[in-house]
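So this block is final30.cif, mmCIF, C-alpha atoms and all ligand atoms:
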```
data_final
loop_
_atom_site.label_atom_id
_atom_site.label_comp_id
_atom_site.auth_asym_id
_atom_site.auth_seq_id
_atom_site.Cartn_x
_atom_site.Cartn_y
_atom_site.Cartn_z
CA MET A 1 -64.62 67.39 -209.83
CA GLY A 2 -64.14 65.59 -206.53
CA SER A 3 -64.09 61.97 -205.47
CA SER A 4 -67.43 62.35 -203.76
CA SER A 5 -69.47 61.00 -206.67
CA VAL A 6 -69.57 57.41 -205.49
CA SER A 7 -71.07 55.78 -208.56
CA THR A 8 -68.36 57.05 -210.88
CA VAL A 9 -65.36 55.19 -209.43
CA ALA A 10 -65.02 51.54 -210.48
CA ALA A 11 -62.43 49.02 -209.33
CA LEU A 12 -61.07 46.51 -211.84
CA VAL A 13 -59.40 43.54 -210.14
CA VAL A 14 -57.32 41.37 -212.47
CA ALA A 15 -57.13 37.72 -211.47
CA ALA A 16 -56.64 35.87 -214.73
CA GLY A 17 -52.99 34.86 -214.21
CA ARG A 18 -51.69 31.35 -213.70
CA GLY A 19 -49.63 32.15 -210.63
CA GLU A 20 -46.81 29.95 -211.88
CA ARG A 21 -44.11 31.31 -209.61
CA ALA A 22 -46.25 30.85 -206.49
CA GLY A 23 -46.86 27.12 -207.11
CA GLY A 24 -49.65 25.31 -205.24
CA ASP A 25 -52.60 23.23 -206.33
CA ARG A 26 -54.42 26.18 -207.91
CA ALA A 27 -53.65 29.69 -209.12
CA LYS A 28 -52.41 31.81 -206.21
CA GLN A 29 -55.39 34.18 -206.25
CA PHE A 30 -57.65 31.25 -205.32
CA GLN A 31 -55.34 29.88 -202.60
CA ALA A 32 -56.26 30.55 -198.99
CA LEU A 33 -54.72 33.32 -196.98
CA GLY A 34 -55.94 33.52 -193.40
CA GLY A 35 -58.61 30.92 -194.16
CA ARG A 36 -60.09 32.68 -197.18
CA PRO A 37 -59.14 32.85 -200.84
CA MET A 38 -56.73 35.66 -201.65
CA VAL A 39 -58.99 37.22 -204.29
CA ALA A 40 -61.73 37.72 -201.69
CA HIS A 41 -59.44 39.92 -199.58
CA ALA A 42 -58.77 42.39 -202.40
CA VAL A 43 -62.34 42.43 -203.69
CA GLU A 44 -63.70 43.06 -200.21
CA ALA A 45 -61.35 46.04 -199.71
CA PHE A 46 -62.90 47.77 -202.73
CA LEU A 47 -66.49 46.77 -201.93
CA ALA A 48 -66.01 48.21 -198.44
CA HIS A 49 -64.54 51.52 -199.64
CA PRO A 50 -67.14 54.30 -199.58
CA ALA A 51 -65.74 56.00 -202.71
CA VAL A 52 -65.89 52.88 -204.90
CA GLY A 53 -69.23 52.25 -206.59
CA ARG A 54 -68.70 49.00 -208.49
CA VAL A 55 -66.22 46.16 -208.80
CA GLN A 56 -65.31 44.30 -211.99
CA LEU A 57 -63.26 41.11 -211.73
CA VAL A 58 -61.56 39.33 -214.62
CA VAL A 59 -60.52 35.70 -214.38
CA ALA A 60 -59.14 33.10 -216.77
CA ASP A 61 -61.60 31.65 -219.26
CA GLY A 62 -63.56 28.92 -217.51
CA ALA A 63 -62.58 30.04 -214.00
CA GLU A 64 -65.81 31.99 -213.38
CA ASP A 65 -67.32 29.31 -211.15
CA GLU A 66 -64.10 28.91 -209.18
CA ALA A 67 -64.11 32.69 -208.69
CA ARG A 68 -67.70 32.72 -207.44
CA VAL A 69 -66.93 29.98 -204.93
CA ALA A 70 -63.81 31.88 -203.84
CA LEU A 71 -65.76 35.09 -203.33
CA GLY A 72 -68.52 33.37 -201.39
CA SER A 73 -71.05 35.89 -200.11
CA LEU A 74 -69.31 38.72 -202.01
CA ALA A 75 -69.93 37.11 -205.41
CA GLY A 76 -73.32 38.72 -205.94
CA ARG A 77 -71.85 42.22 -205.67
CA VAL A 78 -69.14 41.74 -208.31
CA ALA A 79 -69.27 41.55 -212.11
CA ILE A 80 -67.09 38.71 -213.38
CA GLY A 81 -65.72 38.48 -216.91
CA PRO A 82 -62.91 36.83 -218.86
CA GLY A 83 -59.33 38.06 -218.87
CA GLY A 84 -56.65 37.40 -221.47
CA ALA A 85 -53.30 35.75 -222.05
CA THR A 86 -51.27 38.59 -220.53
CA ARG A 87 -51.94 40.99 -217.70
CA GLN A 88 -52.18 43.82 -220.19
CA GLU A 89 -54.79 41.90 -222.20
CA SER A 90 -56.73 41.08 -219.02
CA VAL A 91 -56.87 44.74 -218.08
CA ARG A 92 -58.03 45.76 -221.52
CA ARG A 93 -60.82 43.21 -221.45
CA GLY A 94 -61.87 44.35 -218.01
CA LEU A 95 -61.98 47.96 -219.17
CA GLU A 96 -64.09 46.96 -222.18
CA ALA A 97 -66.48 45.17 -219.83
CA LEU A 98 -66.86 48.36 -217.77
CA ASP A 99 -67.45 50.41 -220.92
CA GLY A 100 -71.17 49.71 -221.21
CA ALA A 101 -74.07 52.11 -221.26
CA ASP A 102 -72.92 53.68 -218.03
CA PRO A 103 -69.12 53.76 -217.93
CA PRO A 104 -67.43 55.00 -214.77
CA ALA A 105 -65.60 58.34 -214.72
CA ARG A 106 -62.58 56.76 -213.03
CA VAL A 107 -61.14 53.30 -212.63
CA LEU A 108 -58.78 51.77 -210.08
CA ILE A 109 -56.88 48.86 -211.63
CA HIS A 110 -55.65 46.34 -209.10
CA ASP A 111 -53.79 43.00 -208.98
CA ALA A 112 -55.67 40.26 -207.15
CA ALA A 113 -52.17 39.13 -206.16
CA ARG A 114 -52.10 42.07 -203.72
CA PRO A 115 -54.59 40.95 -201.08
CA PHE A 116 -54.23 43.91 -198.73
CA VAL A 117 -55.43 47.27 -199.98
CA PRO A 118 -55.47 49.82 -197.15
CA ALA A 119 -58.50 52.11 -197.46
CA ALA A 120 -56.36 55.21 -196.96
CA MET A 121 -54.19 54.22 -199.92
CA ILE A 122 -57.29 53.81 -202.13
CA GLY A 123 -58.33 57.28 -200.96
CA ARG A 124 -54.95 58.81 -201.85
CA VAL A 125 -55.10 57.40 -205.39
CA ILE A 126 -58.66 58.66 -205.95
CA ASP A 127 -57.86 62.10 -204.53
CA ALA A 128 -54.83 62.51 -206.82
CA LEU A 129 -57.12 61.96 -209.81
CA ASP A 130 -58.60 65.40 -209.07
CA GLN A 131 -55.34 66.86 -210.41
CA HIS A 132 -54.04 64.28 -212.90
CA PRO A 133 -55.44 61.69 -215.34
CA GLY A 134 -53.43 58.96 -213.60
CA ALA A 135 -52.13 58.16 -210.11
CA CYS A 136 -50.22 55.27 -208.63
CA PRO A 137 -49.04 54.30 -205.14
CA ALA A 138 -45.27 54.15 -204.86
CA LEU A 139 -42.61 53.44 -202.26
CA PRO A 140 -39.02 54.64 -202.23
CA VAL A 141 -36.18 52.22 -202.88
CA VAL A 142 -34.04 51.89 -199.75
CA ASP A 143 -31.41 49.41 -200.94
CA SER A 144 -28.56 50.56 -203.15
CA LEU A 145 -29.02 49.67 -206.80
CA ARG A 146 -26.23 48.17 -208.87
CA LEU A 147 -25.99 47.00 -212.46
CA GLY A 148 -24.23 43.78 -213.28
CA GLY A 149 -24.25 40.12 -214.18
CA SER A 150 -21.94 37.96 -212.07
CA THR A 151 -19.99 41.07 -211.01
CA VAL A 152 -20.95 44.68 -210.44
CA GLU A 153 -20.60 46.67 -213.62
CA GLY A 154 -22.19 49.96 -212.77
CA MET A 155 -24.09 52.12 -210.36
CA VAL A 156 -27.72 53.21 -210.51
CA ALA A 157 -28.73 56.18 -208.40
CA ARG A 158 -31.78 55.34 -206.33
CA ASP A 159 -32.88 58.95 -205.93
CA GLY A 160 -36.09 59.40 -207.82
CA VAL A 161 -36.53 55.64 -208.28
CA TRP A 162 -39.83 54.20 -207.06
CA ARG A 163 -41.39 50.79 -206.54
CA VAL A 164 -44.95 51.12 -207.79
CA GLN A 165 -47.90 49.16 -206.50
CA THR A 166 -51.59 48.86 -207.33
CA PRO A 167 -54.33 50.07 -207.39
CA GLN A 168 -53.33 52.42 -210.15
CA GLY A 169 -56.09 54.96 -210.81
CA PHE A 170 -57.03 56.65 -214.06
CA ASP A 171 -59.53 58.74 -215.84
CA PHE A 172 -61.60 55.94 -217.40
CA GLY A 173 -61.87 57.23 -220.95
CA ALA A 174 -58.19 58.10 -221.09
CA ILE A 175 -56.90 54.71 -219.90
CA LEU A 176 -59.35 52.81 -222.11
CA ALA A 177 -58.11 54.72 -225.17
CA ALA A 178 -54.50 54.21 -224.08
CA HIS A 179 -55.03 50.44 -223.73
CA ARG A 180 -56.74 50.18 -227.12
CA ALA A 181 -53.72 51.86 -228.69
CA ALA A 182 -50.99 50.16 -226.66
CA PRO A 183 -48.49 47.71 -228.14
CA PRO A 184 -48.00 44.56 -226.02
CA GLY A 185 -45.31 44.35 -223.35
CA ALA A 186 -46.49 46.61 -220.52
CA THR A 187 -46.19 45.12 -217.03
CA ASP A 188 -48.55 47.65 -215.46
CA ASP A 189 -51.02 50.34 -216.44
CA VAL A 190 -48.72 53.21 -215.58
CA ALA A 191 -46.57 52.01 -218.49
CA VAL A 192 -49.60 52.04 -220.79
CA ALA A 193 -50.67 55.49 -219.58
CA HIS A 194 -47.17 56.90 -219.84
CA ALA A 195 -46.79 55.64 -223.42
CA ALA A 196 -50.03 57.47 -224.26
CA GLY A 197 -48.65 60.70 -222.82
CA LEU A 198 -50.85 60.73 -219.70
CA THR A 199 -49.41 62.31 -216.56
CA VAL A 200 -49.37 59.87 -213.66
CA ALA A 201 -49.08 61.23 -210.13
CA LEU A 202 -47.07 59.35 -207.51
CA VAL A 203 -48.87 58.97 -204.19
CA GLU A 204 -47.63 57.29 -201.05
CA GLY A 205 -47.86 53.50 -201.22
CA ASP A 206 -48.08 51.04 -198.34
CA GLU A 207 -45.82 48.06 -197.53
CA ARG A 208 -48.93 46.07 -196.67
CA ALA A 209 -49.98 46.22 -200.33
CA MET A 210 -47.26 43.67 -201.15
CA LYS A 211 -47.66 41.38 -204.13
CA ILE A 212 -47.70 37.66 -203.57
CA THR A 213 -45.37 36.18 -206.15
CA VAL A 214 -43.40 33.22 -204.70
CA PRO A 215 -44.48 30.60 -202.11
CA GLU A 216 -42.65 32.34 -199.21
CA ASP A 217 -44.81 35.43 -199.72
CA PHE A 218 -47.85 33.61 -198.31
CA ALA A 219 -46.24 33.31 -194.88
CA ARG A 220 -45.14 36.95 -194.95
CA ALA A 221 -48.67 38.04 -195.85
CA SER A 222 -50.27 35.78 -193.22
CA ALA A 223 -48.17 37.44 -190.56
CA MET A 224 -49.74 40.77 -191.52
CA LEU A 225 -53.31 39.59 -191.01
CA PRO A 226 -55.01 40.74 -187.84
CA SER A 227 -55.03 37.78 -185.52
CA LEU A 228 -56.06 36.83 -182.04
CA VAL A 229 -54.51 34.32 -179.70
CA ALA A 230 -56.92 31.92 -178.00
CA THR A 231 -56.25 29.32 -175.31
CA GLY A 232 -58.39 26.23 -174.74
CA THR A 233 -58.27 23.66 -172.00
CA GLY A 234 -59.25 20.02 -171.88
CA TYR A 235 -59.64 17.35 -169.22
CA ASP A 236 -60.22 13.60 -169.51
CA VAL A 237 -60.32 10.53 -167.29
CA HIS A 238 -60.15 6.83 -168.07
CA ARG A 239 -60.56 3.93 -165.69
CA PHE A 240 -58.05 1.10 -165.36
CA GLY A 241 -59.25 -2.33 -166.51
CA PRO A 242 -57.83 -5.66 -167.59
CA GLY A 243 -54.87 -5.54 -169.94
CA ASP A 244 -51.10 -5.47 -170.19
CA HIS A 245 -50.58 -2.09 -171.84
CA LEU A 246 -52.13 1.31 -172.26
CA TRP A 247 -51.92 4.25 -174.64
CA LEU A 248 -50.89 7.61 -173.25
CA CYS A 249 -50.06 10.73 -175.30
CA GLY A 250 -49.87 8.59 -178.40
CA VAL A 251 -47.32 6.15 -176.95
CA ARG A 252 -47.93 2.46 -176.16
CA ILE A 253 -46.77 1.71 -172.62
CA PRO A 254 -46.57 -1.83 -171.17
CA HIS A 255 -48.43 -1.81 -167.83
CA GLU A 256 -50.03 -4.16 -165.32
CA ALA A 257 -53.47 -2.82 -166.36
CA GLY A 258 -55.10 -1.32 -169.42
CA LEU A 259 -57.43 1.66 -169.72
CA VAL A 260 -61.12 1.25 -170.47
CA GLY A 261 -62.76 3.39 -173.12
CA HIS A 262 -64.71 3.41 -176.34
CA SER A 263 -61.62 4.32 -178.35
CA ASP A 264 -58.05 3.51 -177.29
CA ALA A 265 -58.70 5.47 -174.04
CA ASP A 266 -55.70 7.74 -174.46
CA ALA A 267 -56.63 10.36 -171.86
CA GLY A 268 -53.67 12.55 -172.80
CA LEU A 269 -54.62 12.88 -176.47
CA HIS A 270 -58.29 13.28 -175.57
CA ALA A 271 -57.58 16.16 -173.20
CA LEU A 272 -55.33 17.75 -175.81
CA THR A 273 -57.92 17.35 -178.58
CA ASP A 274 -60.51 19.01 -176.35
CA ALA A 275 -58.09 21.85 -175.57
CA ILE A 276 -57.62 22.59 -179.29
CA LEU A 277 -61.36 22.36 -179.94
CA GLY A 278 -61.87 24.68 -176.98
CA ALA A 279 -59.50 27.29 -178.43
CA LEU A 280 -61.51 27.13 -181.66
CA GLY A 281 -64.87 27.21 -179.88
CA GLU A 282 -65.76 24.03 -181.76
CA GLY A 283 -67.44 21.99 -179.04
CA ASP A 284 -65.72 18.90 -177.68
CA ILE A 285 -64.41 15.56 -178.83
CA GLY A 286 -67.78 13.89 -178.27
CA VAL A 287 -69.42 16.26 -180.76
CA HIS A 288 -66.91 15.41 -183.47
CA PHE A 289 -66.51 11.69 -182.67
CA PRO A 290 -69.69 10.51 -180.89
CA PRO A 291 -69.05 7.42 -178.71
CA SER A 292 -72.37 6.13 -180.08
CA ASP A 293 -70.78 5.89 -183.54
CA ALA A 294 -69.32 2.41 -184.14
CA ARG A 295 -66.67 3.94 -186.39
CA TRP A 296 -64.77 5.23 -183.36
CA LYS A 297 -64.82 1.95 -181.40
CA GLY A 298 -61.22 1.12 -180.59
CA ALA A 299 -60.11 4.07 -182.72
CA SER A 300 -56.58 5.28 -182.35
CA SER A 301 -56.81 8.73 -180.79
CA ASP A 302 -54.22 10.28 -183.06
CA ARG A 303 -57.09 10.62 -185.56
CA PHE A 304 -59.03 12.83 -183.13
CA LEU A 305 -56.03 15.05 -182.54
CA ALA A 306 -55.18 15.27 -186.26
CA HIS A 307 -58.80 16.25 -186.95
CA ALA A 308 -58.66 19.08 -184.42
CA ALA A 309 -55.39 20.28 -185.94
CA GLN A 310 -56.97 20.23 -189.40
CA LEU A 311 -59.85 22.38 -188.14
CA VAL A 312 -57.29 24.95 -186.99
CA ALA A 313 -55.65 24.91 -190.43
CA ASP A 314 -59.04 25.21 -192.15
CA ALA A 315 -59.76 28.29 -190.05
CA GLY A 316 -56.49 29.81 -191.26
CA GLY A 317 -54.97 29.45 -187.79
CA ARG A 318 -51.84 27.95 -186.31
CA ILE A 319 -51.26 25.97 -183.13
CA LEU A 320 -48.54 27.77 -181.21
CA HIS A 321 -48.13 25.70 -178.08
CA VAL A 322 -49.64 22.69 -176.34
CA ASP A 323 -49.12 21.51 -172.78
CA VAL A 324 -50.37 18.20 -171.36
CA THR A 325 -50.32 17.15 -167.71
CA VAL A 326 -50.85 13.48 -166.91
CA ILE A 327 -52.26 12.83 -163.43
CA ALA A 328 -51.42 9.30 -162.34
CA GLU A 329 -49.53 7.27 -159.73
CA ALA A 330 -48.45 4.84 -162.44
CA PRO A 331 -47.17 4.30 -165.04
CA LYS A 332 -44.34 6.74 -164.65
CA VAL A 333 -44.32 9.25 -167.49
CA GLY A 334 -40.66 10.27 -167.22
CA PRO A 335 -39.18 7.43 -169.27
CA HIS A 336 -41.75 8.06 -172.03
CA ARG A 337 -41.85 11.84 -171.99
CA ALA A 338 -39.55 12.38 -174.98
CA ALA A 339 -41.44 9.82 -177.06
CA MET A 340 -44.75 11.46 -176.12
CA VAL A 341 -43.53 14.92 -177.09
CA ALA A 342 -42.22 13.56 -180.38
CA ARG A 343 -45.43 11.67 -181.14
CA ILE A 344 -47.67 14.68 -180.42
CA ALA A 345 -45.46 16.89 -182.60
CA GLU A 346 -45.70 14.27 -185.33
CA ILE A 347 -49.51 14.09 -185.17
CA LEU A 348 -49.75 17.87 -185.23
CA GLY A 349 -47.54 17.68 -188.30
CA GLY A 350 -47.10 20.91 -190.19
CA HIS A 351 -48.24 23.02 -187.24
CA ALA A 352 -44.88 22.58 -185.52
CA PRO A 353 -46.02 23.95 -182.18
CA ARG A 354 -44.01 23.87 -179.00
CA VAL A 355 -45.05 20.70 -177.18
CA SER A 356 -44.84 20.08 -173.45
CA VAL A 357 -45.74 16.89 -171.58
CA LYS A 358 -45.48 16.61 -167.81
CA ALA A 359 -46.94 14.50 -165.01
CA THR A 360 -47.94 14.59 -161.40
CA THR A 361 -49.24 12.17 -158.80
CA THR A 362 -51.96 13.13 -156.34
CA GLU A 363 -50.07 11.98 -153.25
CA GLY A 364 -52.27 8.92 -153.00
CA LEU A 365 -55.43 10.98 -152.80
CA GLY A 366 -58.55 10.52 -154.90
CA PHE A 367 -59.23 8.09 -157.74
CA ALA A 368 -55.83 8.64 -159.31
CA GLY A 369 -54.16 8.15 -155.97
CA ARG A 370 -56.05 4.91 -155.42
CA ARG A 371 -54.83 3.80 -158.89
CA GLU A 372 -58.40 3.45 -160.17
CA GLY A 373 -57.67 5.44 -163.30
CA ILE A 374 -55.70 8.13 -165.03
CA ALA A 375 -56.59 11.76 -165.63
CA ALA A 376 -55.03 14.23 -168.04
CA GLN A 377 -55.45 17.91 -168.54
CA ALA A 378 -54.18 20.04 -171.38
CA ALA A 379 -53.94 23.58 -172.65
CA ALA A 380 -53.58 24.63 -176.27
CA THR A 381 -52.69 28.08 -177.53
CA VAL A 382 -53.77 28.88 -181.06
CA ARG A 383 -53.42 31.91 -183.29
CA LEU A 384 -56.52 32.57 -185.39
CA PRO A 385 -57.46 35.19 -187.97
CA ASP A 386 -59.37 38.01 -186.30
CA ARG A 387 -62.49 38.63 -188.31
CA GLY A 388 -63.53 41.44 -185.97
N1 LIG B 401 -52.93 38.58 -214.47
C1 LIG B 401 -54.08 38.53 -215.25
N2 LIG B 401 -54.03 37.96 -216.49
C2 LIG B 401 -52.88 37.42 -216.96
C3 LIG B 401 -51.70 37.48 -216.17
C4 LIG B 401 -51.76 38.06 -214.92
O1 LIG B 401 -55.12 39.00 -214.84
N3 LIG B 401 -52.89 36.85 -218.15
C5 LIG B 401 -53.03 39.14 -213.13
C6 LIG B 401 -52.67 38.13 -212.06
O2 LIG B 401 -53.80 37.31 -211.76
C7 LIG B 401 -52.24 39.00 -210.91
C8 LIG B 401 -51.69 40.24 -211.59
O3 LIG B 401 -52.09 40.16 -212.95
O4 LIG B 401 -53.32 39.38 -210.09
C9 LIG B 401 -50.18 40.37 -211.45
O5 LIG B 401 -49.53 39.35 -212.17
P1 LIG B 401 -48.52 38.29 -211.55
O6 LIG B 401 -48.19 38.63 -210.16
O7 LIG B 401 -47.43 38.10 -212.54
O8 LIG B 401 -49.44 36.98 -211.47
P2 LIG B 401 -49.40 35.69 -212.37
O9 LIG B 401 -49.16 36.04 -213.80
O10 LIG B 401 -50.64 34.93 -212.08
O11 LIG B 401 -48.17 34.89 -211.75
P3 LIG B 401 -46.92 34.26 -212.55
O12 LIG B 401 -46.33 35.38 -213.37
O13 LIG B 401 -46.01 33.78 -211.45
O14 LIG B 401 -47.46 33.13 -213.37
MG MG B 402 -47.31 37.06 -214.40
#
```

Step by step, read the file and then write its structure as structure tokens.
Ligand code: CTP
Ligand code: MG
Amino acid sequence: MGSSSVSTVAALVVAAGRGERAGGDRAKQFQALGGRPMVAHAVEAFLAHPAVGRVQLVVADGAEDEARVALGSLAGRVAIGPGGATRQESVRRGLEALDGADPPARVLIHDAARPFVPAAMIGRVIDALDQHPGACPALPVVDSLRLGGSTVEGMVARDGVWRVQTPQGFDFGAILAAHRAAPPGATDDVAVAHAAGLTVALVEGDERAMKITVPEDFARASAMLPSLVATGTGYDVHRFGPGDHLWLCGVRIPHEAGLVGHSDADAGLHALTDAILGALGEGDIGVHFPPSDARWKGASSDRFLAHAAQLVADAGGRILHVDVTVIAEAPKVGPHRAAMVARIAEILGGHAPRVSVKATTTEGLGFAGRREGIAAQAAATVRLPDRG
């Protein structure tokens, strides 16, 4: 028997946990990673694998709709059923759901908490099932192992010790019978199989198949996603008019004139907002905040910039660096530069990019040189998930 019979390999993805250690406003498997829910990453890896014929997902009772939303366009290709109070119970229920009129010959049991499932690793697990009723991906332990409480009390040899991952693959009938007979307390399906006397082969695992357990793991996983770096530019001009102050790069500056505009006429923040929108390919500030809309009359431009930053976050991206150049004879930017940098960093909030603000005159030439208005240009560099 080979792994060529596509319809006989099923994937069972378990996603019925609470994700308590990971925190967040919802269970970790429904939190976004690279702009899409974690569970969608794992499910897609199996749907895309040529040797996998069907995918069964189990979720907590009542979470079926949340799961469908999370899967988006993939939802129609996945069977969704209820899990149980423990991982072991969730797996058993998923196996029962697969055990209909046409049960698969083999099953790959996978944690939704492991979003990245390299296709080659799936292949290694399936191939090993030609020789053994079970197979699991494993990685060697590289750190020394010691027993102890507050002090070291003993040594544990690390030779022959493995960290096992998922998907763990099994002969379907054998693992279903093993689960039906298993006492509670198993943390994975290798434990269930082993207790039933099934031989489980070790195949090479993959560091990318890490499990997300605590909040810090999200950042580590995000760094593994394929990404691209995009740069956008922006340019804006506002005319001087009556007034005794103006807004520039989010800072109020007393001046002999004001700037005329529909909003607060902050050319620096407008150019920067356009630069971020440009990096995203999301049009320009006028598309998002039409001047014809009374809501934006006199609006403080930090809202425009915060909106652009939110779009980057929604796309699963991160602003790396922004650079604004103010083009004006007056007011002088120097005395306000530090405040401008701080204000822009504050508006961009959690993105914590590097921020640069600088200024130039035009040697008296042109509209800026004649002190008719102010111009600003900006560049923004953004890292975005690469969806191919
Ligand atoms: N799982 C499940 N049903 C349960 C418990 C866990 O399907 N009753 C799934 C989780 O959704 C996860 C996998 O088993 O995909 C591994 O479990 P773990 O990493 O422990 O996730 P949680 O139990 O959700 O997290 P925590 O233990 O921090 O609450
Ligand atoms: Mg758990």

Can you write out as JSON lines which residues of chain A fall within 10 Å of ligand MG 402 (chain B), alongside each residue's closest atom pair and its distance in Å to one decimal, counting all atoms listed in the file and ordering rows by chain and ascending residue number?
```
{"residue": "A:Ala16", "atom": "CA", "partner": "B:MG402", "partner_atom": "MG", "distance": 9.4}
{"residue": "A:Gly17", "atom": "CA", "partner": "B:MG402", "partner_atom": "MG", "distance": 6.1}
{"residue": "A:Arg18", "atom": "CA", "partner": "B:MG402", "partner_atom": "MG", "distance": 7.2}
{"residue": "A:Gly19", "atom": "CA", "partner": "B:MG402", "partner_atom": "MG", "distance": 6.6}
{"residue": "A:Glu20", "atom": "CA", "partner": "B:MG402", "partner_atom": "MG", "distance": 7.6}
{"residue": "A:Arg21", "atom": "CA", "partner": "B:MG402", "partner_atom": "MG", "distance": 8.1}
{"residue": "A:Ala85", "atom": "CA", "partner": "B:MG402", "partner_atom": "MG", "distance": 9.8}
{"residue": "A:Thr86", "atom": "CA", "partner": "B:MG402", "partner_atom": "MG", "distance": 7.5}
{"residue": "A:Arg87", "atom": "CA", "partner": "B:MG402", "partner_atom": "MG", "distance": 6.9}
{"residue": "A:Ala113", "atom": "CA", "partner": "B:MG402", "partner_atom": "MG", "distance": 9.8}
{"residue": "A:Thr187", "atom": "CA", "partner": "B:MG402", "partner_atom": "MG", "distance": 8.6}
{"residue": "A:Thr213", "atom": "CA", "partner": "B:MG402", "partner_atom": "MG", "distance": 8.5}
```

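Comparing the minimum interatomic distances between Leu57 in chain A and each of A:Val152, A:Leu98, A:Val39, A:Ile80, counting all atoms listed in the file, we find that A:Ile80 sits nearest.
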
Long-range neighbours of Ala315 in chain A as a ChimeraX atom specification, 9 Å cut-off, all atoms listed in the file, 5 positions minimum in chain: /A:34-36,280,310,384-385

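For the choices A:Ala45, A:Ala157, A:Leu176, A:Val200, the atom-to-atom distance to His132 in chain A is smallest for A:Val200 when using only C-alpha atoms.
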
Within 9 Å of (-65.5, 54.9, -200.6) (coordinates as in the file), grab all the protein and nucleic acid residues, counting only C-alpha atoms, and write them out as a ChimeraX atom specification. /A:3-4,6,9,46-53,119,122-123

Dump of C-alpha atoms for the selected residues, as a PDB file, in the coordinates of the input:
```
ATOM      1  CA  SER A   3     -64.090  61.970-205.470  1.00  0.00           C
ATOM      2  CA  SER A   4     -67.430  62.350-203.760  1.00  0.00           C
ATOM      3  CA  VAL A   6     -69.570  57.410-205.490  1.00  0.00           C
ATOM      4  CA  VAL A   9     -65.360  55.190-209.430  1.00  0.00           C
ATOM      5  CA  PHE A  46     -62.900  47.770-202.730  1.00  0.00           C
ATOM      6  CA  LEU A  47     -66.490  46.770-201.930  1.00  0.00           C
ATOM      7  CA  ALA A  48     -66.010  48.210-198.440  1.00  0.00           C
ATOM      8  CA  HIS A  49     -64.540  51.520-199.640  1.00  0.00           C
ATOM      9  CA  PRO A  50     -67.140  54.300-199.580  1.00  0.00           C
ATOM     10  CA  ALA A  51     -65.740  56.000-202.710  1.00  0.00           C
ATOM     11  CA  VAL A  52     -65.890  52.880-204.900  1.00  0.00           C
ATOM     12  CA  GLY A  53     -69.230  52.250-206.590  1.00  0.00           C
ATOM     13  CA  ALA A 119     -58.500  52.110-197.460  1.00  0.00           C
ATOM     14  CA  ILE A 122     -57.290  53.810-202.130  1.00  0.00           C
ATOM     15  CA  GLY A 123     -58.330  57.280-200.960  1.00  0.00           C
TER      16      GLY A 123
END
```

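Reported to one decimal place, the separation of atom C3 of ligand LIG 401 (chain B) from CA of Glu89 in chain A is 8.1 Å.
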
Top pick for closest residue to ligand LIG 401 (chain B), considering A:Asp61, A:Glu256, A:Asp143, A:Glu204 and counting all atoms listed in the file: A:Asp61
